[in-house]
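S.K.: Below are the structure tokens for one structure; questions will follow.
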Amino acid sequence: MNATSSSDGLTGDDRAASRVRVPLHLTLAAVFVTVLIGFGTVIIAFGYFENRRVALLGAEALMERVSAHAETKIEQMITPARGLVDMYSRSLAAEMTSTEDRLESLGVLAEALRLQPAIASVFMGSKDGDFFLFRSPDHSTVAAARLGAPAGSRFAVQSIEREAGVVVRGELLFYDDDLALLSSGPLEPVDFDPRQREWYRDALATDQQISTDFYRFFTTGEVGFTMARQMASGNGVVGVDLTLSDLSSGLAAQRITPSSRIVVVDDAGRIVAMSERLAEDQLRERGGGPTGDETIEMPRLSALDDPVYQELAARLATGERTGSFEYSAGGATWIASLTLMPTQRRGDVVLATLIPHDEILAHADEVRNRSIVISLLLLAVAVAVALWISHNISRSMRGLAREAEQIRRFKLQTPVATRSRIDEVDELGRTMSVMKDSLNQFFEISRSLSAEKDPRRLLEMILREACTVSHADGGAVQIVTEDEASLEVAMLENTVTGAHFGGTSGQPVPFEPVSLNGDSASTGSPNVDAATVRRAETISIDDIEGRHGFDVSRVRNRFGGDGYQLRSFLSIPLADQKGEIVGLLQLVNARDAAGHPQPFDPDVVPLIEALSSDAAVTLDLRRMLKAQKDLLESFIHVVAGAIDAKSPYTHGHCQRVPVLARMLAQVAHDADDGPLRDYTMTEDDWYELHIASWLHDCGKVTTPEYVVDK
């Protein structure tokens, strides 16, 4: 079913489509913006996920380095301490039984503490109950405060001597960095007995080095553990103290991000060290010895009120000890890395590094956010540029649309002025300009052909307009004779040689008619004129001197001479409304912009053919009008002859009146003065006078003879 149409010529479907039409500049801008957004989104997403992947890979590599570094750091803390214990236990002579004897080794001990500040103290306890401890107070503010170290103190010695189980002397000595004695005094309290300590009993039970659990140190109250070994002489035990604060501060220094965590736990899930400081109430005292020192039981990881550590403890409880994994806890995702630590403790000790997923990707998120901001800014600039470009393009296209509308309405007088920097749009504008000019020219030619009544001028107009359109030197118009057996040249003109025959030139055409039957007797090739009529199609010869299969001798005869060189030739049939050929339009030597001969442009030939078709119809109409006039005049002459034959008195009257009337009118038309000096007659006036003078007595046809005789 066809859509209904309205008075505006649009169907319902057309009107529906017109309601959703969008301006070109908005369409182009939308396309540009969509493409830019798509590209920007893809690029940002690709960059973000690549940065995310690189960040995660970097985080894994970084955690491995942190684990290795922490492992190395702990190894650097434990290994020297272990070596110092082994060395001191083997080098301490049995005869070094007094404080003075033991002070002789201060140089070695001081150098050891200088090289390894993680060692809190070096000590020895004898089987007699003597105790000798060497520490660095400036390494621990807690120790310095408890001992009351004077200013400038670098090292301190705590010494207790017993005889027969009774304390004889307790001394506290302070030295500067050069081991010069700064002050000395009694050591309070002196009820410390090394033989009651766990590290002493464990060390005497074996010949190997031992490591204690965490406990609170007697003098400073700090939490740590002891590494000890029996002396080679068997007279006592040598050991070193390592504080938990040293391990924790070392781990805290290894944190990758502000919220990352590092924790060391044993195989029972107890915390050995962690990057965060444990609150005092989280350290549970396991019990006291005879001296009042308490062993500290470190909290279990699962006992901490922290879901991050609780979830980690659950993973460790499954037996997982190494590797990397992700888990969610506390509303966040964490990346964990587990590494076994080399220690002297019984059972596995695991180093766990925990990093918040968001902090690892913080840089990637920052890059993504910056990319989005930059992309939005670039998008805004791109949108503005796209709108500007699309507006300019659409402005040109709107101009061309207006020009097309003018062409549709046949308003062809104004030239196309739309230009654009875009080659295709500008080319379209130029093409429309040429089309508009061509149409205007074609319509002007058509109007001129329709208005022209003189056949001679009509032929000249057809030929000259065709030469103008094709930039040809000249040409000829040939008309089919009445017997349709030959072609005769009605007009020929060549602007280069100045030849002008027929038409309004007054010069007779000096060329013989061309037969339409048979081929050339000299060459055996068809004559190009006759071939055009027989084929009823245009024949174009690019080089008339080359091989083309036609006899062009008549063409050379018509246009040659005076040194004129023929190059290109175009022969177009003139067909009337019935399709019958009434003549030919022939052009010679098309010229380029520089004036050089060239073949006829194939793009121009259709326009010349259209012009020729219009001209052929016009010629045919003129011939028909002439035939009608001739018929009318013949009829009038018959009537006038019949009137003159009615009576001998009027014989020849109707023939004489037109002659006399024309003579009188000619005198009036030629008058230069008098009352008729402004009187003129047009060609139509002459024709009307001619017809009227012949018909002035037409009423006598029905008049009886006797009346005419009277």
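Ligands are numbered from 1 in the order shown, chains are lettered A, B, ... in the order of the structure tokens, and residues start at 1 in each chain.
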Kindly assemble as a tab-separated table a list of the segment 520-596 of chain A residues that lie within 10 Å of segment 495-505 of chain A, each paired with its nearest atom pair and their distance in Å to one decimal, using only C-alpha atoms, sorted first by chain and then by ascending residue number.

M.R.:
residue	atom	partner	partner_atom	distance
A:Arg558	CA	A:Ala499	CA	9.6
A:Phe559	CA	A:Ala499	CA	8.4
A:Gly560	CA	A:Thr497	CA	9.0
A:Gly561	CA	A:Thr497	CA	8.2
A:Asp562	CA	A:Thr497	CA	7.1
A:Gly563	CA	A:Thr497	CA	8.9
A:Tyr564	CA	A:Thr497	CA	7.1

S.K.: Produce a file of the selected residues containing N, CA, C and O atoms, as a PDB file, in the first residue's frame.

M.R.:
ATOM      1  N   ARG A 558      36.698  20.572 -46.908  1.00  0.00           N
ATOM      2  CA  ARG A 558      35.888  21.667 -46.376  1.00  0.00           C
ATOM      3  C   ARG A 558      36.677  22.584 -45.440  1.00  0.00           C
ATOM      4  O   ARG A 558      36.515  23.806 -45.463  1.00  0.00           O
ATOM      5  N   PHE A 559      37.516  21.978 -44.578  1.00  0.00           N
ATOM      6  CA  PHE A 559      38.160  22.786 -43.545  1.00  0.00           C
ATOM      7  C   PHE A 559      39.639  23.058 -43.817  1.00  0.00           C
ATOM      8  O   PHE A 559      40.234  23.896 -43.157  1.00  0.00           O
ATOM      9  N   GLY A 560      40.270  22.293 -44.733  1.00  0.00           N
ATOM     10  CA  GLY A 560      41.690  22.494 -44.990  1.00  0.00           C
ATOM     11  C   GLY A 560      41.936  23.759 -45.789  1.00  0.00           C
ATOM     12  O   GLY A 560      41.045  24.501 -46.184  1.00  0.00           O
ATOM     13  N   GLY A 561      43.200  24.025 -46.020  1.00  0.00           N
ATOM     14  CA  GLY A 561      43.575  25.208 -46.776  1.00  0.00           C
ATOM     15  C   GLY A 561      44.213  26.250 -45.911  1.00  0.00           C
ATOM     16  O   GLY A 561      44.021  26.300 -44.678  1.00  0.00           O
ATOM     17  N   ASP A 562      45.019  27.098 -46.547  1.00  0.00           N
ATOM     18  CA  ASP A 562      45.726  28.191 -45.858  1.00  0.00           C
ATOM     19  C   ASP A 562      46.622  27.658 -44.736  1.00  0.00           C
ATOM     20  O   ASP A 562      46.828  28.330 -43.712  1.00  0.00           O
ATOM     21  N   GLY A 563      47.163  26.442 -44.913  1.00  0.00           N
ATOM     22  CA  GLY A 563      48.071  25.877 -43.915  1.00  0.00           C
ATOM     23  C   GLY A 563      47.396  25.400 -42.641  1.00  0.00           C
ATOM     24  O   GLY A 563      48.080  25.075 -41.657  1.00  0.00           O
ATOM     25  N   TYR A 564      46.069  25.344 -42.645  1.00  0.00           N
ATOM     26  CA  TYR A 564      45.339  24.921 -41.443  1.00  0.00           C
ATOM     27  C   TYR A 564      45.462  23.410 -41.288  1.00  0.00           C
ATOM     28  O   TYR A 564      45.159  22.645 -42.205  1.00  0.00           O
TER      29      TYR A 564
END

S.K.: Within 6 Å of Ile544 of chain A, counting only C-alpha atoms, which residues show up once you throw out same-chain ones fewer than 3 positions away? Write them as a list in words, please.

M.R.: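 With the cut-off at 6 Å, the set is Ile541, Arg567 and Ser568 of chain A.
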
S.K.: Using only C-alpha atoms, which residue out of A:Met274, A:Ala228, A:Val639, A:Ala68 lies closest to Lys700 of chain A?

M.R.: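 Ranking A:Met274, A:Ala228, A:Val639, A:Ala68 by distance to Lys700 of chain A, first place goes to A:Val639.
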
S.K.: What does the distance between atom CA of Val638 of chain A and atom CA of Pro455 of chain A come to in Å, to one decimal place?

M.R.: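 Separation between atom CA of Val638 of chain A and atom CA of Pro455 of chain A: 27.0 Å.
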
S.K.: Write out as a PyMOL selection string which residues come within 12 Å of Ala81 of chain A when counting only C-alpha atoms, dropping same-chain ones fewer than 2 positions away.

M.R.: chain A and resi 74-79+83-89+109+112-113+115-123+209-211+225-229+238-242+343-344

S.K.: Can I get the selection written as a compact mmCIF listing (two decimals), in the first residue's frame, with N, CA and C atoms?

M.R.:
# COMPACT_ATOMS: atom_id res chain seq x y z
N ILE A 74 67.31 -9.85 59.20
CA ILE A 74 67.27 -10.69 60.40
C ILE A 74 68.53 -11.55 60.48
N GLU A 75 68.94 -12.02 59.31
CA GLU A 75 70.17 -12.82 59.28
C GLU A 75 71.36 -11.98 59.75
N GLN A 76 71.34 -10.69 59.32
CA GLN A 76 72.41 -9.79 59.74
C GLN A 76 72.36 -9.52 61.24
N MET A 77 71.17 -9.60 61.82
CA MET A 77 71.05 -9.41 63.26
C MET A 77 71.46 -10.68 64.02
N ILE A 78 71.02 -11.83 63.51
CA ILE A 78 71.22 -13.08 64.26
C ILE A 78 72.60 -13.66 64.04
N THR A 79 73.05 -13.67 62.79
CA THR A 79 74.32 -14.33 62.49
C THR A 79 75.50 -13.72 63.25
N GLY A 83 77.66 -15.65 66.01
CA GLY A 83 79.12 -15.76 65.91
C GLY A 83 79.82 -15.19 67.12
N LEU A 84 79.26 -14.08 67.63
CA LEU A 84 79.87 -13.47 68.81
C LEU A 84 79.76 -14.40 70.01
N VAL A 85 78.60 -15.06 70.12
CA VAL A 85 78.43 -16.01 71.23
C VAL A 85 79.44 -17.15 71.11
N ASP A 86 79.56 -17.69 69.92
CA ASP A 86 80.50 -18.80 69.72
C ASP A 86 81.93 -18.36 70.02
N MET A 87 82.28 -17.20 69.52
CA MET A 87 83.66 -16.72 69.71
C MET A 87 83.94 -16.43 71.19
N TYR A 88 83.00 -15.72 71.84
CA TYR A 88 83.22 -15.31 73.23
C TYR A 88 83.23 -16.53 74.15
N SER A 89 82.36 -17.51 73.82
CA SER A 89 82.32 -18.71 74.68
C SER A 89 83.59 -19.53 74.55
N LEU A 109 84.72 -6.50 72.77
CA LEU A 109 83.27 -6.41 72.91
C LEU A 109 82.73 -5.09 72.38
N ALA A 112 82.55 -5.16 68.69
CA ALA A 112 81.42 -5.98 68.26
C ALA A 112 80.11 -5.21 68.33
N LEU A 113 79.92 -4.43 69.41
CA LEU A 113 78.69 -3.65 69.52
C LEU A 113 78.65 -2.50 68.53
N LEU A 115 79.92 -2.65 65.53
CA LEU A 115 79.62 -3.23 64.22
C LEU A 115 78.20 -3.76 64.14
N GLN A 116 77.65 -4.19 65.27
CA GLN A 116 76.31 -4.77 65.28
C GLN A 116 75.45 -4.08 66.33
N PRO A 117 74.90 -2.93 66.00
CA PRO A 117 74.09 -2.20 66.98
C PRO A 117 72.81 -2.92 67.36
N ALA A 118 72.42 -3.97 66.57
CA ALA A 118 71.20 -4.71 66.92
C ALA A 118 71.38 -5.54 68.19
N ILE A 119 72.64 -5.83 68.56
CA ILE A 119 72.91 -6.60 69.78
C ILE A 119 72.75 -5.67 70.97
N ALA A 120 71.80 -6.01 71.84
CA ALA A 120 71.54 -5.14 73.00
C ALA A 120 72.65 -5.26 74.05
N SER A 121 73.15 -6.47 74.29
CA SER A 121 74.19 -6.64 75.30
C SER A 121 74.90 -7.97 75.09
N VAL A 122 76.13 -8.04 75.65
CA VAL A 122 76.91 -9.28 75.67
C VAL A 122 77.20 -9.58 77.15
N PHE A 123 77.03 -10.83 77.55
CA PHE A 123 77.20 -11.12 78.98
C PHE A 123 77.77 -12.51 79.17
N GLN A 209 74.69 -24.00 70.73
CA GLN A 209 74.11 -22.69 71.03
C GLN A 209 72.59 -22.82 71.10
N ILE A 210 72.01 -22.11 72.06
CA ILE A 210 70.56 -22.18 72.24
C ILE A 210 69.96 -20.78 72.09
N SER A 211 68.64 -20.76 71.86
CA SER A 211 67.90 -19.51 71.74
C SER A 211 66.66 -19.62 72.61
N PHE A 225 64.92 -11.77 73.33
CA PHE A 225 65.32 -13.16 73.55
C PHE A 225 66.83 -13.22 73.62
N THR A 226 67.31 -14.33 74.15
CA THR A 226 68.74 -14.50 74.39
C THR A 226 69.26 -15.68 73.59
N MET A 227 70.49 -15.48 73.07
CA MET A 227 71.22 -16.56 72.41
C MET A 227 72.44 -16.85 73.30
N ALA A 228 72.61 -18.10 73.75
CA ALA A 228 73.66 -18.42 74.73
C ALA A 228 74.32 -19.74 74.39
N ARG A 229 75.55 -19.90 74.97
CA ARG A 229 76.28 -21.16 74.77
C ARG A 229 77.22 -21.38 75.96
N VAL A 238 78.00 -18.00 78.10
CA VAL A 238 78.13 -16.70 77.43
C VAL A 238 76.90 -16.49 76.55
N GLY A 239 76.39 -15.27 76.51
CA GLY A 239 75.20 -15.01 75.70
C GLY A 239 75.11 -13.57 75.24
N VAL A 240 74.17 -13.33 74.34
CA VAL A 240 73.86 -11.98 73.85
C VAL A 240 72.34 -11.81 73.92
N ASP A 241 71.92 -10.55 74.10
CA ASP A 241 70.50 -10.21 74.13
C ASP A 241 70.12 -9.46 72.85
N LEU A 242 69.00 -9.85 72.26
CA LEU A 242 68.42 -9.13 71.11
C LEU A 242 67.02 -8.70 71.52
N THR A 343 66.42 -19.12 61.28
CA THR A 343 66.66 -18.79 62.69
C THR A 343 67.16 -20.03 63.42
N GLN A 344 67.58 -19.83 64.66
CA GLN A 344 68.02 -20.94 65.50
C GLN A 344 66.90 -21.49 66.37

S.K.: In Å, rounded to a single decimal, give me how far atom CA of Ser184 of chain A is from atom CA of Arg162 of chain A.

M.R.: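 Pair atom CA of Arg162 of chain A / atom CA of Ser184 of chain A returns 18.9 Å.
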
S.K.: Calculated over only C-alpha atoms, which of the candidates A:His25, A:Arg114, A:Arg261, A:His471 has the smallest distance to Leu312 of chain A?

M.R.: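 Of the candidates, the smallest distance to Leu312 of chain A is held by A:Arg261.
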
S.K.: As a VMD selection string, please: every residue in segment 75-272 of chain A that a backbone DSSP assignment puts in strand (DSSP E).

M.R.: chain A and resid 119 to 126 131 to 135 155 to 163 166 to 175 181 to 186 210 to 211 215 to 216 223 to 230 236 to 243 261 to 266 271 to 272

S.K.: Can you work out which one of A:Ala382, A:Leu387, A:Ala273, A:Ile407 has the shortest atom-to-atom distance to Thr27 of chain A, counting only C-alpha atoms?

M.R.: A:Leu387

S.K.: Segment 592-595 of chain A: which residues within 12 Å, counting only C-alpha atoms, same-chain residues fewer than 2 positions away excluded, as an NGL selection string?

M.R.: :A and (470-473 or 496 or 589-590 or 597-601)

S.K.: Any chance you could export the current selection's all heavy atoms as a PDB file, in the first residue's frame?

M.R.:
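Writing done, so here's again-v5.pdb:
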ATOM      1  N   SER A 470      32.533  23.339 -26.758  1.00  0.00           N
ATOM      2  CA  SER A 470      33.615  22.372 -26.958  1.00  0.00           C
ATOM      3  C   SER A 470      34.972  23.022 -27.177  1.00  0.00           C
ATOM      4  O   SER A 470      35.960  22.312 -27.342  1.00  0.00           O
ATOM      5  CB  SER A 470      33.289  21.482 -28.159  1.00  0.00           C
ATOM      6  OG  SER A 470      33.169  22.272 -29.337  1.00  0.00           O
ATOM      7  N   HIS A 471      35.021  24.369 -27.207  1.00  0.00           N
ATOM      8  CA  HIS A 471      36.271  25.098 -27.468  1.00  0.00           C
ATOM      9  C   HIS A 471      36.866  24.681 -28.814  1.00  0.00           C
ATOM     10  O   HIS A 471      38.083  24.487 -28.946  1.00  0.00           O
ATOM     11  CB  HIS A 471      37.293  24.856 -26.356  1.00  0.00           C
ATOM     12  CG  HIS A 471      36.790  25.170 -24.987  1.00  0.00           C
ATOM     13  ND1 HIS A 471      36.567  26.452 -24.553  1.00  0.00           N
ATOM     14  CD2 HIS A 471      36.421  24.350 -23.964  1.00  0.00           C
ATOM     15  CE1 HIS A 471      36.118  26.427 -23.315  1.00  0.00           C
ATOM     16  NE2 HIS A 471      36.005  25.167 -22.936  1.00  0.00           N
ATOM     17  N   ALA A 472      35.999  24.530 -29.810  1.00  0.00           N
ATOM     18  CA  ALA A 472      36.441  24.126 -31.141  1.00  0.00           C
ATOM     19  C   ALA A 472      36.739  25.355 -31.999  1.00  0.00           C
ATOM     20  O   ALA A 472      36.238  26.461 -31.758  1.00  0.00           O
ATOM     21  CB  ALA A 472      35.372  23.256 -31.808  1.00  0.00           C
ATOM     22  N   ASP A 473      37.582  25.118 -33.058  1.00  0.00           N
ATOM     23  CA  ASP A 473      37.909  26.215 -33.983  1.00  0.00           C
ATOM     24  C   ASP A 473      36.718  26.581 -34.850  1.00  0.00           C
ATOM     25  O   ASP A 473      36.537  27.749 -35.219  1.00  0.00           O
ATOM     26  CB  ASP A 473      39.080  25.810 -34.881  1.00  0.00           C
ATOM     27  CG  ASP A 473      40.391  25.748 -34.106  1.00  0.00           C
ATOM     28  OD1 ASP A 473      40.437  26.268 -32.973  1.00  0.00           O
ATOM     29  OD2 ASP A 473      41.372  25.182 -34.633  1.00  0.00           O
ATOM     30  N   VAL A 496      39.577  30.295 -37.165  1.00  0.00           N
ATOM     31  CA  VAL A 496      41.023  30.402 -37.365  1.00  0.00           C
ATOM     32  C   VAL A 496      41.348  30.856 -38.781  1.00  0.00           C
ATOM     33  O   VAL A 496      42.140  31.777 -39.001  1.00  0.00           O
ATOM     34  CB  VAL A 496      41.707  29.054 -37.049  1.00  0.00           C
ATOM     35  CG1 VAL A 496      43.206  29.135 -37.345  1.00  0.00           C
ATOM     36  CG2 VAL A 496      41.486  28.672 -35.597  1.00  0.00           C
ATOM     37  N   ASN A 589      38.902  20.478 -34.380  1.00  0.00           N
ATOM     38  CA  ASN A 589      40.000  20.997 -33.562  1.00  0.00           C
ATOM     39  C   ASN A 589      39.539  21.632 -32.244  1.00  0.00           C
ATOM     40  O   ASN A 589      39.423  22.857 -32.127  1.00  0.00           O
ATOM     41  CB  ASN A 589      40.847  22.010 -34.352  1.00  0.00           C
ATOM     42  CG  ASN A 589      41.816  21.314 -35.290  1.00  0.00           C
ATOM     43  OD1 ASN A 589      41.695  20.136 -35.558  1.00  0.00           O
ATOM     44  ND2 ASN A 589      42.790  22.062 -35.793  1.00  0.00           N
ATOM     45  N   ALA A 590      39.319  20.752 -31.252  1.00  0.00           N
ATOM     46  CA  ALA A 590      39.096  21.258 -29.894  1.00  0.00           C
ATOM     47  C   ALA A 590      40.418  21.790 -29.341  1.00  0.00           C
ATOM     48  O   ALA A 590      41.498  21.291 -29.679  1.00  0.00           O
ATOM     49  CB  ALA A 590      38.556  20.149 -29.001  1.00  0.00           C
ATOM     50  N   PRO A 597      45.729  22.164 -29.932  1.00  0.00           N
ATOM     51  CA  PRO A 597      44.700  21.214 -30.374  1.00  0.00           C
ATOM     52  C   PRO A 597      44.719  19.950 -29.508  1.00  0.00           C
ATOM     53  O   PRO A 597      45.772  19.474 -29.101  1.00  0.00           O
ATOM     54  CB  PRO A 597      45.094  20.900 -31.822  1.00  0.00           C
ATOM     55  CG  PRO A 597      45.946  22.047 -32.242  1.00  0.00           C
ATOM     56  CD  PRO A 597      46.674  22.497 -31.017  1.00  0.00           C
ATOM     57  N   GLN A 598      43.537  19.417 -29.242  1.00  0.00           N
ATOM     58  CA  GLN A 598      43.406  18.215 -28.427  1.00  0.00           C
ATOM     59  C   GLN A 598      42.148  17.467 -28.847  1.00  0.00           C
ATOM     60  O   GLN A 598      41.288  18.029 -29.527  1.00  0.00           O
ATOM     61  CB  GLN A 598      43.317  18.578 -26.941  1.00  0.00           C
ATOM     62  CG  GLN A 598      42.051  19.330 -26.583  1.00  0.00           C
ATOM     63  CD  GLN A 598      41.901  19.542 -25.081  1.00  0.00           C
ATOM     64  OE1 GLN A 598      42.769  19.182 -24.305  1.00  0.00           O
ATOM     65  NE2 GLN A 598      40.789  20.130 -24.679  1.00  0.00           N
ATOM     66  N   PRO A 599      42.037  16.184 -28.446  1.00  0.00           N
ATOM     67  CA  PRO A 599      40.791  15.461 -28.739  1.00  0.00           C
ATOM     68  C   PRO A 599      39.617  16.104 -28.003  1.00  0.00           C
ATOM     69  O   PRO A 599      39.781  16.783 -26.988  1.00  0.00           O
ATOM     70  CB  PRO A 599      41.079  14.049 -28.225  1.00  0.00           C
ATOM     71  CG  PRO A 599      42.567  13.935 -28.207  1.00  0.00           C
ATOM     72  CD  PRO A 599      43.072  15.303 -27.885  1.00  0.00           C
ATOM     73  N   PHE A 600      38.430  15.866 -28.516  1.00  0.00           N
ATOM     74  CA  PHE A 600      37.238  16.399 -27.869  1.00  0.00           C
ATOM     75  C   PHE A 600      37.016  15.682 -26.537  1.00  0.00           C
ATOM     76  O   PHE A 600      37.128  14.454 -26.455  1.00  0.00           O
ATOM     77  CB  PHE A 600      36.023  16.236 -28.780  1.00  0.00           C
ATOM     78  CG  PHE A 600      35.979  17.229 -29.897  1.00  0.00           C
ATOM     79  CD1 PHE A 600      36.587  16.949 -31.115  1.00  0.00           C
ATOM     80  CD2 PHE A 600      35.349  18.456 -29.728  1.00  0.00           C
ATOM     81  CE1 PHE A 600      36.555  17.867 -32.146  1.00  0.00           C
ATOM     82  CE2 PHE A 600      35.318  19.381 -30.754  1.00  0.00           C
ATOM     83  CZ  PHE A 600      35.924  19.096 -31.973  1.00  0.00           C
ATOM     84  N   ASP A 601      36.735  16.479 -25.503  1.00  0.00           N
ATOM     85  CA  ASP A 601      36.541  15.943 -24.156  1.00  0.00           C
ATOM     86  C   ASP A 601      35.302  15.048 -24.129  1.00  0.00           C
ATOM     87  O   ASP A 601      34.198  15.501 -24.466  1.00  0.00           O
ATOM     88  CB  ASP A 601      36.381  17.105 -23.168  1.00  0.00           C
ATOM     89  CG  ASP A 601      36.364  16.638 -21.722  1.00  0.00           C
ATOM     90  OD1 ASP A 601      36.353  15.417 -21.491  1.00  0.00           O
ATOM     91  OD2 ASP A 601      36.359  17.511 -20.832  1.00  0.00           O
TER      92      ASP A 601
END

S.K.: How far is it from atom CA of Ser525 of chain A to atom CA of His548 of chain A, in Å with one decimal?

M.R.: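 We find that atom CA of Ser525 of chain A and atom CA of His548 of chain A lie 9.8 Å from each other.
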
S.K.: If we count only C-alpha atoms, what is near segment 146-155 of chain A at a cut-off of 12 Å, once residues fewer than 6 positions away on the same chain are taken out, given as a PyMOL selection string?

M.R.: chain A and resi 106-107+109-114+117+120-122+133-140+171-189+217-222

S.K.: Running DSSP on the backbone, which parts of segment 115-321 of chain A land in alpha helix (DSSP H), as a ChimeraX atom specification?

M.R.: /A:115,141-147,198-204,244-252,307-317

S.K.: Using only C-alpha atoms, which of A:Lys73, A:Gln196, A:Trp334, A:Asp202 sits nearest Glu60 of chain A?

M.R.: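 That would be A:Trp334, the residue with the smallest distance to Glu60 of chain A.
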
S.K.: Contacts of Ala45 of chain A at 9 Å or less, counting only C-alpha atoms, minus same-chain residues fewer than 5 places along, as an MDAnalysis selection string?

M.R.: chainID A and resid 40 50 368

S.K.: Write out as a compact mmCIF listing (two decimals) with all heavy atoms, in the first residue's frame each polymer residue whose atoms come within 7 Å of Thr353 of chain A, counting only C-alpha atoms; drop sequence neighbours fewer than 2 positions from it.

M.R.:
# COMPACT_ATOMS: atom_id res chain seq x y z
N MET A 63 57.63 -7.52 46.98
CA MET A 63 57.46 -8.31 48.21
C MET A 63 58.54 -9.38 48.31
O MET A 63 59.02 -9.68 49.41
CB MET A 63 56.06 -8.93 48.24
CG MET A 63 54.97 -7.93 48.58
SD MET A 63 53.38 -8.71 48.97
CE MET A 63 52.99 -9.45 47.40
N ARG A 261 52.02 -4.23 56.07
CA ARG A 261 52.39 -4.84 57.35
C ARG A 261 53.36 -5.98 57.11
O ARG A 261 53.26 -6.70 56.11
CB ARG A 261 51.14 -5.37 58.07
CG ARG A 261 50.05 -4.33 58.25
CD ARG A 261 48.83 -4.92 58.91
NE ARG A 261 47.75 -3.95 59.01
CZ ARG A 261 46.59 -4.17 59.62
NH1 ARG A 261 46.38 -5.36 60.19
NH2 ARG A 261 45.66 -3.24 59.66
N ILE A 262 54.28 -6.13 58.06
CA ILE A 262 55.23 -7.23 58.02
C ILE A 262 55.22 -7.88 59.40
O ILE A 262 55.34 -7.19 60.42
CB ILE A 262 56.64 -6.75 57.66
CG1 ILE A 262 56.63 -6.01 56.32
CG2 ILE A 262 57.62 -7.91 57.60
CD1 ILE A 262 57.95 -5.40 55.94
N VAL A 263 55.07 -9.19 59.43
CA VAL A 263 55.00 -9.89 60.70
C VAL A 263 55.76 -11.20 60.59
O VAL A 263 55.77 -11.85 59.54
CB VAL A 263 53.52 -10.14 61.10
CG1 VAL A 263 52.82 -11.00 60.08
CG2 VAL A 263 53.44 -10.78 62.48
N ALA A 336 49.44 -11.02 50.00
CA ALA A 336 50.32 -11.59 51.03
C ALA A 336 51.43 -12.40 50.38
O ALA A 336 51.23 -13.05 49.36
CB ALA A 336 49.51 -12.47 51.98
N SER A 337 52.60 -12.33 51.02
CA SER A 337 53.75 -13.12 50.58
C SER A 337 54.35 -13.78 51.82
O SER A 337 54.61 -13.10 52.83
CB SER A 337 54.78 -12.24 49.88
OG SER A 337 55.93 -12.98 49.55
N LEU A 338 54.56 -15.10 51.77
CA LEU A 338 55.10 -15.87 52.89
C LEU A 338 56.49 -16.39 52.55
O LEU A 338 56.72 -16.90 51.45
CB LEU A 338 54.18 -17.04 53.24
CG LEU A 338 52.71 -16.70 53.56
CD1 LEU A 338 51.94 -17.97 53.86
CD2 LEU A 338 52.63 -15.71 54.71
N LEU A 351 57.98 -15.32 57.68
CA LEU A 351 57.89 -13.88 57.46
C LEU A 351 56.73 -13.63 56.50
O LEU A 351 56.72 -14.13 55.37
CB LEU A 351 59.19 -13.33 56.87
CG LEU A 351 59.14 -11.88 56.40
CD1 LEU A 351 58.98 -10.94 57.59
CD2 LEU A 351 60.39 -11.53 55.61
N ILE A 355 50.26 -6.29 51.92
CA ILE A 355 50.14 -4.98 51.28
C ILE A 355 48.70 -4.79 50.84
O ILE A 355 48.13 -5.67 50.18
CB ILE A 355 51.07 -4.86 50.06
CG1 ILE A 355 52.51 -5.19 50.44
CG2 ILE A 355 50.99 -3.46 49.47
CD1 ILE A 355 53.46 -5.17 49.28
